[in-house]
$ cat target.txt   # compact mmCIF, C-alpha atoms and all ligand atoms
# COMPACT_ATOMS: atom_id res chain seq x y z
CA MET A 1 -89.35 37.76 -50.61
CA ALA A 2 -88.27 39.29 -53.84
CA THR A 3 -90.23 38.38 -56.97
CA ALA A 4 -88.56 37.50 -60.25
CA VAL A 5 -89.52 40.91 -61.66
CA THR A 6 -88.08 42.71 -58.63
CA THR A 7 -84.83 40.81 -58.96
CA ASP A 8 -84.54 41.82 -62.62
CA VAL A 9 -85.16 45.53 -62.14
CA MET A 10 -82.78 45.72 -59.19
CA ALA A 11 -79.91 43.87 -60.90
CA PRO A 12 -77.56 46.08 -62.92
CA LEU A 13 -76.18 44.89 -66.25
CA GLN A 14 -72.60 45.67 -67.03
CA TYR A 15 -71.98 48.20 -69.81
CA LEU A 16 -68.58 49.34 -71.02
CA VAL A 17 -67.54 52.96 -71.44
CA ARG A 18 -66.90 53.52 -75.16
CA GLU A 19 -66.32 57.28 -75.18
CA VAL A 20 -66.20 60.23 -72.77
CA SER A 21 -66.41 63.64 -74.42
CA LYS A 22 -66.31 67.09 -72.87
CA GLU A 23 -69.37 69.32 -73.39
CA THR A 24 -68.52 72.16 -70.96
CA PRO A 25 -65.97 72.58 -68.12
CA ASP A 26 -68.15 70.51 -65.73
CA THR A 27 -70.29 68.41 -68.07
CA TYR A 28 -69.34 65.33 -70.10
CA THR A 29 -71.18 62.94 -72.39
CA LEU A 30 -70.58 59.20 -71.94
CA ARG A 31 -71.33 56.53 -74.52
CA LEU A 32 -71.88 53.08 -73.03
CA ALA A 33 -72.40 49.79 -74.86
CA PRO A 34 -73.55 46.44 -73.46
CA ASP A 35 -70.71 44.28 -72.24
CA THR A 36 -71.99 41.48 -74.45
CA GLY A 37 -72.24 43.70 -77.58
CA GLY A 38 -75.43 43.70 -79.68
CA ASN A 39 -78.56 45.78 -79.35
CA GLY A 40 -79.39 46.01 -75.68
CA ALA A 41 -80.29 49.63 -75.44
CA ARG A 42 -83.91 50.56 -76.23
CA PHE A 43 -85.54 53.50 -74.45
CA GLN A 44 -88.22 56.18 -74.79
CA PRO A 45 -87.20 59.87 -74.85
CA GLY A 46 -87.32 61.17 -71.27
CA GLN A 47 -86.52 57.87 -69.56
CA PHE A 48 -83.57 57.49 -67.22
CA SER A 49 -81.19 54.78 -66.05
CA MET A 50 -79.69 54.05 -62.67
CA LEU A 51 -75.92 54.11 -63.22
CA TRP A 52 -73.80 52.26 -60.71
CA VAL A 53 -70.21 53.38 -60.43
CA PHE A 54 -68.53 50.45 -58.70
CA GLY A 55 -67.20 51.38 -55.28
CA VAL A 56 -68.88 54.81 -55.32
CA GLY A 57 -72.65 54.51 -55.65
CA GLU A 58 -75.70 54.49 -57.87
CA LEU A 59 -77.47 57.54 -59.32
CA PRO A 60 -80.27 58.42 -61.76
CA ILE A 61 -79.17 59.88 -65.10
CA SER A 62 -81.42 60.64 -68.10
CA ILE A 63 -80.65 59.03 -71.42
CA SER A 64 -79.55 61.79 -73.79
CA GLY A 65 -78.79 59.82 -76.95
CA ASN A 66 -80.70 58.93 -80.09
CA PRO A 67 -83.58 56.49 -79.49
CA ALA A 68 -83.02 55.07 -82.98
CA GLU A 69 -79.52 53.86 -82.02
CA HIS A 70 -79.97 50.58 -80.17
CA HIS A 71 -76.33 49.60 -79.81
CA GLN A 72 -75.45 52.21 -77.17
CA LEU A 73 -76.77 54.32 -74.29
CA VAL A 74 -75.65 57.95 -74.08
CA TYR A 75 -75.68 60.10 -70.94
CA THR A 76 -74.72 63.72 -70.34
CA VAL A 77 -73.54 64.25 -66.78
CA ARG A 78 -72.83 67.43 -64.85
CA SER A 79 -70.37 66.95 -62.02
CA VAL A 80 -71.95 68.18 -58.78
CA GLY A 81 -70.66 65.64 -56.25
CA GLN A 82 -68.91 62.34 -55.66
CA ALA A 83 -70.91 60.02 -57.93
CA THR A 84 -71.27 62.40 -60.88
CA ASN A 85 -67.56 63.24 -60.65
CA ALA A 86 -66.71 59.52 -60.64
CA LEU A 87 -68.83 59.10 -63.78
CA ILE A 88 -67.26 61.89 -65.81
CA THR A 89 -63.74 60.74 -64.92
CA GLN A 90 -64.27 57.16 -66.16
CA ALA A 91 -61.72 55.76 -68.60
CA VAL A 92 -62.71 54.13 -71.88
CA GLY A 93 -63.11 50.37 -71.30
CA ASN A 94 -64.28 50.67 -67.67
CA GLY A 95 -67.43 48.85 -66.61
CA ILE A 96 -70.55 50.67 -65.33
CA GLY A 97 -73.64 48.97 -63.88
CA VAL A 98 -76.84 50.00 -65.66
CA ARG A 99 -80.41 49.45 -64.45
CA GLY A 100 -83.43 50.53 -66.45
CA PRO A 101 -84.57 52.32 -68.52
CA PHE A 102 -87.09 53.61 -66.00
CA GLY A 103 -89.94 56.08 -65.83
CA LYS A 104 -92.60 57.66 -67.99
CA GLY A 105 -90.99 59.66 -70.79
CA TRP A 106 -92.03 62.57 -73.01
CA PRO A 107 -95.42 62.32 -74.81
CA MET A 108 -94.12 61.53 -78.31
CA GLU A 109 -97.39 59.85 -79.36
CA ALA A 110 -99.60 62.67 -78.08
CA ALA A 111 -97.33 65.19 -79.83
CA ARG A 112 -97.82 63.63 -83.29
CA GLY A 113 -99.47 66.08 -85.66
CA HIS A 114 -98.69 69.00 -83.32
CA ASP A 115 -95.98 71.63 -83.13
CA VAL A 116 -93.39 70.65 -80.51
CA ILE A 117 -92.00 73.35 -78.20
CA VAL A 118 -88.87 72.33 -76.30
CA VAL A 119 -87.87 74.63 -73.41
CA ALA A 120 -84.60 73.70 -71.69
CA GLY A 121 -82.36 75.23 -69.05
CA GLY A 122 -78.76 74.09 -68.50
CA ILE A 123 -78.37 70.31 -68.17
CA GLY A 124 -82.15 70.10 -68.83
CA LEU A 125 -81.37 69.92 -72.55
CA ALA A 126 -79.93 66.41 -72.02
CA PRO A 127 -83.25 64.60 -71.36
CA LEU A 128 -84.85 66.62 -74.19
CA ARG A 129 -82.23 65.81 -76.83
CA PRO A 130 -83.85 62.42 -77.63
CA VAL A 131 -87.11 64.31 -78.35
CA ILE A 132 -85.29 66.49 -80.86
CA TYR A 133 -83.69 63.43 -82.53
CA GLU A 134 -87.08 61.69 -82.67
CA VAL A 135 -88.89 64.69 -84.23
CA LEU A 136 -86.14 65.31 -86.79
CA HIS A 137 -85.99 61.59 -87.63
CA ASN A 138 -89.78 61.38 -88.18
CA ARG A 139 -90.18 64.90 -89.55
CA LYS A 140 -93.53 64.46 -91.30
CA ASP A 141 -95.21 63.11 -88.14
CA TYR A 142 -94.79 66.44 -86.30
CA GLY A 143 -95.43 70.12 -87.00
CA ARG A 144 -92.91 72.88 -86.32
CA LEU A 145 -90.14 72.28 -83.82
CA VAL A 146 -89.28 75.25 -81.61
CA ILE A 147 -86.28 74.91 -79.27
CA LEU A 148 -85.71 77.53 -76.56
CA TYR A 149 -82.49 76.98 -74.61
CA GLY A 150 -80.94 78.94 -71.75
CA ALA A 151 -77.49 78.43 -70.20
CA ARG A 152 -75.48 80.33 -67.60
CA SER A 153 -72.80 81.43 -70.09
CA PRO A 154 -71.69 80.54 -73.64
CA HIS A 155 -69.15 78.11 -72.10
CA ASP A 156 -71.97 76.30 -70.28
CA MET A 157 -74.04 75.64 -73.39
CA LEU A 158 -74.46 71.95 -74.21
CA TYR A 159 -74.33 70.54 -77.74
CA ARG A 160 -73.36 73.85 -79.40
CA LYS A 161 -72.60 72.29 -82.79
CA GLU A 162 -75.85 70.34 -82.74
CA LEU A 163 -77.88 73.43 -81.80
CA ALA A 164 -76.46 75.17 -84.90
CA ALA A 165 -77.18 72.11 -87.06
CA TRP A 166 -80.77 71.75 -85.75
CA ALA A 167 -81.43 75.39 -86.69
CA GLY A 168 -80.71 74.44 -90.32
CA HIS A 169 -83.57 71.91 -90.47
CA ARG A 170 -86.83 72.91 -92.14
CA GLU A 171 -89.70 73.94 -89.87
CA THR A 172 -87.28 74.26 -86.95
CA GLN A 173 -86.56 77.37 -84.89
CA VAL A 174 -83.69 77.35 -82.39
CA LEU A 175 -83.27 80.23 -79.94
CA ALA A 176 -80.57 80.30 -77.27
CA THR A 177 -79.81 82.73 -74.49
CA VAL A 178 -77.24 83.05 -71.69
CA ASP A 179 -77.33 84.75 -68.29
CA TYR A 180 -73.86 86.28 -68.79
CA GLY A 181 -72.58 86.77 -72.33
CA GLY A 182 -69.07 88.18 -72.08
CA MET A 183 -67.39 90.28 -74.76
CA SER A 184 -67.54 87.78 -77.62
CA TRP A 185 -71.17 86.64 -77.28
CA ARG A 186 -73.42 88.15 -79.97
CA GLY A 187 -76.62 86.28 -79.03
CA HIS A 188 -79.45 86.85 -76.57
CA VAL A 189 -78.74 87.64 -72.91
CA GLY A 190 -81.39 86.92 -70.26
CA VAL A 191 -83.32 84.03 -68.75
CA VAL A 192 -84.92 81.49 -71.08
CA THR A 193 -88.42 82.98 -70.76
CA THR A 194 -87.17 86.16 -72.48
CA LEU A 195 -86.97 84.08 -75.69
CA PHE A 196 -90.73 83.54 -75.88
CA LYS A 197 -91.28 86.89 -77.58
CA TYR A 198 -89.13 85.73 -80.54
CA ALA A 199 -90.66 82.25 -80.79
CA ARG A 200 -93.16 81.51 -83.55
CA LEU A 201 -95.78 79.60 -81.56
CA LYS A 202 -99.20 78.22 -82.41
CA PRO A 203 -100.53 77.59 -78.88
CA SER A 204 -103.76 75.92 -80.02
CA ASN A 205 -101.88 73.12 -81.79
CA SER A 206 -98.73 72.66 -79.71
CA VAL A 207 -97.27 70.33 -77.13
CA ALA A 208 -94.56 71.83 -74.89
CA MET A 209 -91.83 69.90 -73.07
CA VAL A 210 -89.89 71.70 -70.35
CA CYS A 211 -86.82 70.65 -68.36
CA GLY A 212 -84.39 72.62 -66.23
CA PRO A 213 -83.94 73.96 -62.72
CA GLU A 214 -87.26 74.03 -60.85
CA ILE A 215 -87.40 77.83 -60.73
CA MET A 216 -86.94 77.96 -64.51
CA MET A 217 -89.70 75.36 -65.02
CA ARG A 218 -92.03 77.33 -62.76
CA PHE A 219 -91.65 80.47 -64.91
CA ALA A 220 -91.54 78.68 -68.28
CA THR A 221 -94.72 76.72 -67.58
CA ARG A 222 -96.50 79.87 -66.36
CA GLU A 223 -95.46 81.61 -69.58
CA LEU A 224 -96.74 78.76 -71.78
CA ASP A 225 -99.97 78.71 -69.76
CA SER A 226 -100.45 82.46 -70.22
CA ARG A 227 -99.85 82.10 -73.96
CA GLY A 228 -102.82 79.76 -74.22
CA LEU A 229 -101.36 76.25 -74.32
CA GLY A 230 -103.59 73.74 -72.58
CA ARG A 231 -102.27 72.68 -69.16
CA LYS A 232 -102.52 69.06 -70.33
CA ASP A 233 -100.32 69.95 -73.32
CA ILE A 234 -97.46 71.29 -71.20
CA TYR A 235 -95.13 68.59 -69.84
CA LEU A 236 -92.19 68.88 -67.47
CA SER A 237 -89.58 66.50 -66.11
CA MET A 238 -89.14 66.52 -62.34
CA GLU A 239 -86.01 65.63 -60.40
CA ARG A 240 -85.83 64.25 -56.87
CA ASN A 241 -83.22 62.19 -55.10
CA MET A 242 -84.02 58.50 -55.63
CA LYS A 243 -82.69 55.07 -54.71
CA CYS A 244 -84.72 52.12 -56.06
CA ALA A 245 -86.22 53.82 -59.19
CA VAL A 246 -89.25 51.50 -59.16
CA GLY A 247 -91.52 52.98 -56.49
CA PHE A 248 -90.54 50.82 -53.49
CA CYS A 249 -88.32 53.00 -51.35
CA GLY A 250 -90.27 56.26 -51.32
CA HIS A 251 -87.18 58.49 -51.55
CA CYS A 252 -88.53 60.41 -54.54
CA GLN A 253 -92.08 60.94 -53.27
CA TYR A 254 -93.41 64.36 -54.29
CA GLY A 255 -96.89 65.03 -52.97
CA PRO A 256 -98.94 61.98 -54.04
CA HIS A 257 -96.49 61.04 -56.81
CA PHE A 258 -93.35 58.93 -57.02
CA ILE A 259 -91.07 60.73 -59.46
CA CYS A 260 -89.39 57.44 -60.50
CA LYS A 261 -92.45 55.48 -61.62
CA ASP A 262 -95.24 58.06 -62.11
CA GLY A 263 -92.74 60.41 -63.83
CA PRO A 264 -90.20 61.86 -64.22
CA VAL A 265 -92.39 63.47 -66.93
CA PHE A 266 -95.71 64.92 -65.73
CA THR A 267 -98.27 67.32 -67.15
CA TYR A 268 -98.33 70.89 -65.89
CA GLU A 269 -101.91 70.19 -64.82
CA GLU A 270 -100.63 67.46 -62.44
CA MET A 271 -97.62 69.42 -61.17
CA ARG A 272 -98.98 72.96 -60.93
CA PRO A 273 -100.36 72.72 -57.35
CA LEU A 274 -97.02 71.29 -56.15
CA LEU A 275 -94.74 73.51 -58.25
CA GLU A 276 -96.20 76.60 -56.65
CA LYS A 277 -95.31 75.25 -53.16
CA TYR A 278 -91.67 76.31 -52.96
CA GLU A 279 -90.57 74.22 -49.97
CA LEU A 280 -91.70 70.76 -51.27
C1 LIG A 301 -84.77 61.26 -63.04
C2 LIG A 301 -83.45 61.99 -62.89
C3 LIG A 301 -82.69 62.22 -64.01
C4 LIG A 301 -81.46 62.89 -63.90
N1 LIG A 301 -80.74 63.11 -65.03
C5 LIG A 301 -79.54 63.71 -64.94
C6 LIG A 301 -78.75 63.91 -66.10
O1 LIG A 301 -79.13 63.57 -67.23
N2 LIG A 301 -77.54 64.49 -65.96
C7 LIG A 301 -77.07 64.90 -64.72
O2 LIG A 301 -75.97 65.43 -64.65
N3 LIG A 301 -77.82 64.75 -63.60
C8 LIG A 301 -79.02 64.15 -63.68
N4 LIG A 301 -79.76 63.95 -62.54
C9 LIG A 301 -79.22 64.44 -61.24
C10 LIG A 301 -78.19 63.46 -60.68
O3 LIG A 301 -78.80 62.22 -60.38
C11 LIG A 301 -77.59 64.06 -59.40
O4 LIG A 301 -76.85 65.21 -59.76
C12 LIG A 301 -76.66 63.06 -58.74
O5 LIG A 301 -77.42 62.04 -58.12
C13 LIG A 301 -75.78 63.74 -57.71
O6 LIG A 301 -74.93 62.74 -57.13
P1 LIG A 301 -73.48 63.09 -56.59
O7 LIG A 301 -73.02 61.98 -55.69
O8 LIG A 301 -72.58 63.46 -57.72
O9 LIG A 301 -73.72 64.39 -55.76
P2 LIG A 301 -74.18 64.50 -54.23
O10 LIG A 301 -72.97 64.63 -53.39
O11 LIG A 301 -75.18 63.42 -53.90
O12 LIG A 301 -74.96 65.88 -54.32
C14 LIG A 301 -74.34 67.06 -54.77
C15 LIG A 301 -75.40 68.16 -54.77
O13 LIG A 301 -76.46 67.83 -55.68
C16 LIG A 301 -77.71 67.72 -54.95
N5 LIG A 301 -78.43 66.54 -55.49
C17 LIG A 301 -78.08 65.25 -55.37
N6 LIG A 301 -78.93 64.45 -56.02
C18 LIG A 301 -79.85 65.25 -56.56
C19 LIG A 301 -81.01 65.02 -57.34
N7 LIG A 301 -81.40 63.82 -57.73
N8 LIG A 301 -81.73 66.10 -57.70
C20 LIG A 301 -81.36 67.33 -57.35
N9 LIG A 301 -80.28 67.61 -56.61
C21 LIG A 301 -79.54 66.60 -56.22
C22 LIG A 301 -77.36 67.53 -53.52
O14 LIG A 301 -78.34 68.04 -52.66
C23 LIG A 301 -76.08 68.36 -53.41
O15 LIG A 301 -76.37 69.73 -53.31
C24 LIG A 301 -80.99 63.31 -62.63
C25 LIG A 301 -81.78 63.08 -61.49
C26 LIG A 301 -83.00 62.43 -61.62
C27 LIG A 301 -83.83 62.20 -60.40
$ encode --input "target.txt" --output "structure tokens"
Amino acid sequence: MATAVTTDVMAPLQYLVREVSKETPDTYTLRLAPDTGGNGARFQPGQFSMLWVFGVGELPISISGNPAEHHQLVYTVRSVGQATNALITQAVGNGIGVRGPFGKGWPMEAARGHDVIVVAGGIGLAPLRPVIYEVLHNRKDYGRLVILYGARSPHDMLYRKELAAWAGHRETQVLATVDYGGMSWRGHVGVVTTLFKYARLKPSNSVAMVCGPEIMMRFATRELDSRGLGRKDIYLSMERNMKCAVGFCGHCQYGPHFICKDGPVFTYEEMRPLLEKYEL
């Protein structure tokens, strides 16, 4: 029999689509607000929601907005299939079912007093954007902020205006690279790990947060490890198909962990033995 708590976490609340804005040809950012208005939207950087598109299905999406804004939830969605395509084609005013927020987010408390290194690949910048907002909002609580971002091409880069604006903040270094630059691109070309040689890092006093395709996280975490960051100071966000989001169904089991409730953010120390097993 379902407990009261179970009933709550499994029951979506209706939110209304307030804005849908294009980031790249296949990626859009949605702003949702509670149906009832008011402040119903608190979350920790790195947490995710289960978004239910009525008549299509439910899927996990990270919250990519500003944790200080409690009147809305913001998501950045890349269209890869039926549910994500249904999300990005929503009209303003439509209702979406929202469950959550779920999961263990980025270590904002542990990072206080330390430099923060953000390493993102592609859509992986979305779950890390709340970290950047949080650090810039509480600037004196953190050391330097270093953002390393890699995208397939200049057209695939998320939040281009914000990346430029973040670079203008004090004690903040932003480096971006693309796999294919084209004629008009004047920036770096190469995978995200090629940016490490330009980054001003202090490994002994840094916390790193990494999100992107698994192959990118494998190489980025190895690089941070080889540069002397502690394995407990390197965090990464894992992605697995999931259904319940609260550890009941077992869909997202990864070795001994459930990505939904033990993660999605884990330390490199926890993930390293599994990350190196390619077929898991
Ligand atoms: C914790 C978490 C946070 C996420 N945050 C975001 C986010 O912020 N933005 C975003 O765009 N996407 C995010 N995703 C991925 C998103 O949930 C999937 O892309 C989505 O479920 C695909 O559904 P679909 O019906 O559109 O595609 P489907 O038709 O189900 O799948 C299309 C393709 O994507 C693959 N796929 C499906 N689900 C996943 C998954 N969970 N992980 C990896 N590959 C998958 C399938 O194998 C297939 O190749 C997140 C996933 C998790 C687990």
$ closest_atom_pairs --input "target.txt" --of "chain A" --to "ligand LIG 301 (chain A)" --cutoff "9 Å" --atoms "all atoms listed in the file" --output "tab-separated table"
residue	atom	partner	partner_atom	distance
A:Thr27	CA	A:LIG301	O2	7.3
A:Tyr28	CA	A:LIG301	O2	8.6
A:Gly46	CA	A:LIG301	C1	8.6
A:Gln47	CA	A:LIG301	C1	7.6
A:Phe48	CA	A:LIG301	C1	5.8
A:Ser49	CA	A:LIG301	C3	7.9
A:Met50	CA	A:LIG301	O3	8.5
A:Val56	CA	A:LIG301	O7	8.3
A:Gly57	CA	A:LIG301	O7	7.5
A:Glu58	CA	A:LIG301	O5	7.7
A:Leu59	CA	A:LIG301	O5	4.7
A:Pro60	CA	A:LIG301	O3	4.3
A:Ile61	CA	A:LIG301	N1	3.6
A:Ser62	CA	A:LIG301	O1	3.8
A:Ile63	CA	A:LIG301	O1	6.4
A:Ser64	CA	A:LIG301	O1	6.8
A:Tyr75	CA	A:LIG301	O1	6.1
A:Thr76	CA	A:LIG301	N2	5.3
A:Val77	CA	A:LIG301	O2	3.4
A:Arg78	CA	A:LIG301	O2	3.7
A:Ser79	CA	A:LIG301	O8	6.0
A:Val80	CA	A:LIG301	C14	4.8
A:Gly81	CA	A:LIG301	O8	3.3
A:Gln82	CA	A:LIG301	O7	4.1
A:Ala83	CA	A:LIG301	O7	3.6
A:Thr84	CA	A:LIG301	O8	3.6
A:Asn85	CA	A:LIG301	O8	5.8
A:Ala86	CA	A:LIG301	O8	7.6
A:Leu87	CA	A:LIG301	O8	8.4
A:Phe102	CA	A:LIG301	C1	8.5
A:Gly103	CA	A:LIG301	C1	7.8
A:Ile123	CA	A:LIG301	N2	6.3
A:Gly124	CA	A:LIG301	O1	7.4
A:Leu125	CA	A:LIG301	O1	8.6
A:Ala126	CA	A:LIG301	O1	5.6
A:Pro127	CA	A:LIG301	O1	5.9
A:Pro213	CA	A:LIG301	C20	8.9
A:Ser237	CA	A:LIG301	C1	7.7
A:Met238	CA	A:LIG301	C1	6.9
A:Glu239	CA	A:LIG301	C27	4.1
A:Arg240	CA	A:LIG301	N7	4.5
A:Asn241	CA	A:LIG301	N7	3.6
A:Met242	CA	A:LIG301	C27	6.0
A:Ala245	CA	A:LIG301	C1	8.5
A:Cys252	CA	A:LIG301	C27	7.7
A:Ile259	CA	A:LIG301	C1	7.3
A:Cys260	CA	A:LIG301	C1	6.5
A:Gly263	CA	A:LIG301	C1	8.1
A:Pro264	CA	A:LIG301	C1	5.6
A:Val265	CA	A:LIG301	C1	8.8
$ atom_distance --input "target.txt" --atom1 "atom CA of A:Ile117" --atom2 "atom CA of A:Lys161"
20.0 Å
$ atom_distance --input "target.txt" --atom1 "atom CA of A:Met10" --atom2 "atom CA of A:Cys244"
7.4 Å
$ closest_residue --input "target.txt" --among "A:Glu162, A:Asp115, A:Asp233, A:Asp179" --to "A:Leu201" --atoms "all atoms listed in the file"
A:Asp115
$ atom_distance --input "target.txt" --atom1 "atom CA of A:Met216" --atom2 "atom CA of A:Asn66"
25.4 Å
$ closest_residue --input "target.txt" --among "A:Leu16, A:Leu30, A:Ile147, A:Ala120" --to "A:Phe219" --atoms "all atoms listed in the file"
A:Ala120
$ closest_residue --input "target.txt" --among "A:Tyr198, A:Phe248, A:Lys104, A:Gly97" --to "A:Asp262" --atoms "all atoms listed in the file"
A:Lys104
$ closest_residue --input "target.txt" --among "A:Arg200, A:His169, A:Arg31, A:His70" --to "A:Ala91" --atoms "only C-alpha atoms"
A:Arg31
$ residues_around --input "target.txt" --residues "A:Asn94" --least-positions-apart "4" --cutoff "10 Å" --atoms "only C-alpha atoms" --output "list in words"
Gln14, Tyr15, Leu16, Val17, Arg18, Leu32, Val53, Phe54 and Gln90 of chain A
$ residues_around --input "target.txt" --residues "A:Asp225" --least-positions-apart "4" --cutoff "12 Å" --atoms "only C-alpha atoms" --output "MDAnalysis selection string"
chainID A and resid 203:204 206:208 217:221 229:235 267:269 272
$ axis_aligned_box --input "target.txt" --around "stretch 85-97 of chain A" --padding-each-side "8 Å" --output "lines of an AutoDock Vina configuration file"
center_x = -67.7
center_y = 56.0
center_z = -66.3
size_x = 27.9
size_y = 30.4
size_z = 27.2
$ closest_residue --input "target.txt" --among "A:Val9, A:Val178, A:Val135, A:Val210" --to "A:Asp156" --atoms "all atoms listed in the file"
A:Val178
$ closest_residue --input "target.txt" --among "A:Arg186, A:His257, A:Arg139, A:Arg170" --to "A:Pro154" --atoms "all atoms listed in the file"
A:Arg186
$ build_atoms --input "target.txt" --residues "stretch 132-149 of chain A" --atoms "N, CA and C atoms" --output "PDB file, in the coordinates of the input"
ATOM      1  N   ILE A 132     -85.698  65.763 -79.655  1.00  0.00           N
ATOM      2  CA  ILE A 132     -85.290  66.490 -80.860  1.00  0.00           C
ATOM      3  C   ILE A 132     -84.870  65.489 -81.947  1.00  0.00           C
ATOM      4  N   TYR A 133     -84.083  64.466 -81.566  1.00  0.00           N
ATOM      5  CA  TYR A 133     -83.690  63.430 -82.530  1.00  0.00           C
ATOM      6  C   TYR A 133     -84.933  62.758 -83.120  1.00  0.00           C
ATOM      7  N   GLU A 134     -85.872  62.432 -82.247  1.00  0.00           N
ATOM      8  CA  GLU A 134     -87.080  61.690 -82.670  1.00  0.00           C
ATOM      9  C   GLU A 134     -87.904  62.526 -83.654  1.00  0.00           C
ATOM     10  N   VAL A 135     -88.092  63.819 -83.341  1.00  0.00           N
ATOM     11  CA  VAL A 135     -88.890  64.690 -84.230  1.00  0.00           C
ATOM     12  C   VAL A 135     -88.171  64.844 -85.568  1.00  0.00           C
ATOM     13  N   LEU A 136     -86.869  65.087 -85.535  1.00  0.00           N
ATOM     14  CA  LEU A 136     -86.140  65.310 -86.790  1.00  0.00           C
ATOM     15  C   LEU A 136     -86.056  64.019 -87.614  1.00  0.00           C
ATOM     16  N   HIS A 137     -86.061  62.878 -86.944  1.00  0.00           N
ATOM     17  CA  HIS A 137     -85.990  61.590 -87.630  1.00  0.00           C
ATOM     18  C   HIS A 137     -87.332  61.228 -88.281  1.00  0.00           C
ATOM     19  N   ASN A 138     -88.422  61.699 -87.667  1.00  0.00           N
ATOM     20  CA  ASN A 138     -89.780  61.380 -88.180  1.00  0.00           C
ATOM     21  C   ASN A 138     -90.471  62.697 -88.525  1.00  0.00           C
ATOM     22  N   ARG A 139     -89.810  63.495 -89.345  1.00  0.00           N
ATOM     23  CA  ARG A 139     -90.180  64.900 -89.550  1.00  0.00           C
ATOM     24  C   ARG A 139     -91.638  65.091 -89.928  1.00  0.00           C
ATOM     25  N   LYS A 140     -92.169  64.208 -90.800  1.00  0.00           N
ATOM     26  CA  LYS A 140     -93.530  64.460 -91.300  1.00  0.00           C
ATOM     27  C   LYS A 140     -94.605  64.128 -90.257  1.00  0.00           C
ATOM     28  N   ASP A 141     -94.225  63.452 -89.185  1.00  0.00           N
ATOM     29  CA  ASP A 141     -95.210  63.110 -88.140  1.00  0.00           C
ATOM     30  C   ASP A 141     -95.492  64.283 -87.193  1.00  0.00           C
ATOM     31  N   TYR A 142     -94.645  65.324 -87.254  1.00  0.00           N
ATOM     32  CA  TYR A 142     -94.790  66.440 -86.300  1.00  0.00           C
ATOM     33  C   TYR A 142     -94.873  67.757 -87.070  1.00  0.00           C
ATOM     34  N   GLY A 143     -95.398  68.785 -86.409  1.00  0.00           N
ATOM     35  CA  GLY A 143     -95.430  70.120 -87.000  1.00  0.00           C
ATOM     36  C   GLY A 143     -94.101  70.820 -86.783  1.00  0.00           C
ATOM     37  N   ARG A 144     -94.155  72.128 -86.531  1.00  0.00           N
ATOM     38  CA  ARG A 144     -92.910  72.880 -86.320  1.00  0.00           C
ATOM     39  C   ARG A 144     -92.231  72.444 -85.020  1.00  0.00           C
ATOM     40  N   LEU A 145     -90.907  72.550 -85.034  1.00  0.00           N
ATOM     41  CA  LEU A 145     -90.140  72.280 -83.820  1.00  0.00           C
ATOM     42  C   LEU A 145     -89.515  73.595 -83.367  1.00  0.00           C
ATOM     43  N   VAL A 146     -89.845  74.009 -82.154  1.00  0.00           N
ATOM     44  CA  VAL A 146     -89.280  75.250 -81.610  1.00  0.00           C
ATOM     45  C   VAL A 146     -88.459  74.888 -80.379  1.00  0.00           C
ATOM     46  N   ILE A 147     -87.178  75.240 -80.395  1.00  0.00           N
ATOM     47  CA  ILE A 147     -86.280  74.910 -79.270  1.00  0.00           C
ATOM     48  C   ILE A 147     -85.832  76.209 -78.606  1.00  0.00           C
ATOM     49  N   LEU A 148     -86.156  76.368 -77.331  1.00  0.00           N
ATOM     50  CA  LEU A 148     -85.710  77.530 -76.560  1.00  0.00           C
ATOM     51  C   LEU A 148     -84.739  77.013 -75.497  1.00  0.00           C
ATOM     52  N   TYR A 149     -83.509  77.526 -75.518  1.00  0.00           N
ATOM     53  CA  TYR A 149     -82.490  76.980 -74.610  1.00  0.00           C
ATOM     54  C   TYR A 149     -81.774  78.104 -73.867  1.00  0.00           C
TER      55      TYR A 149
END
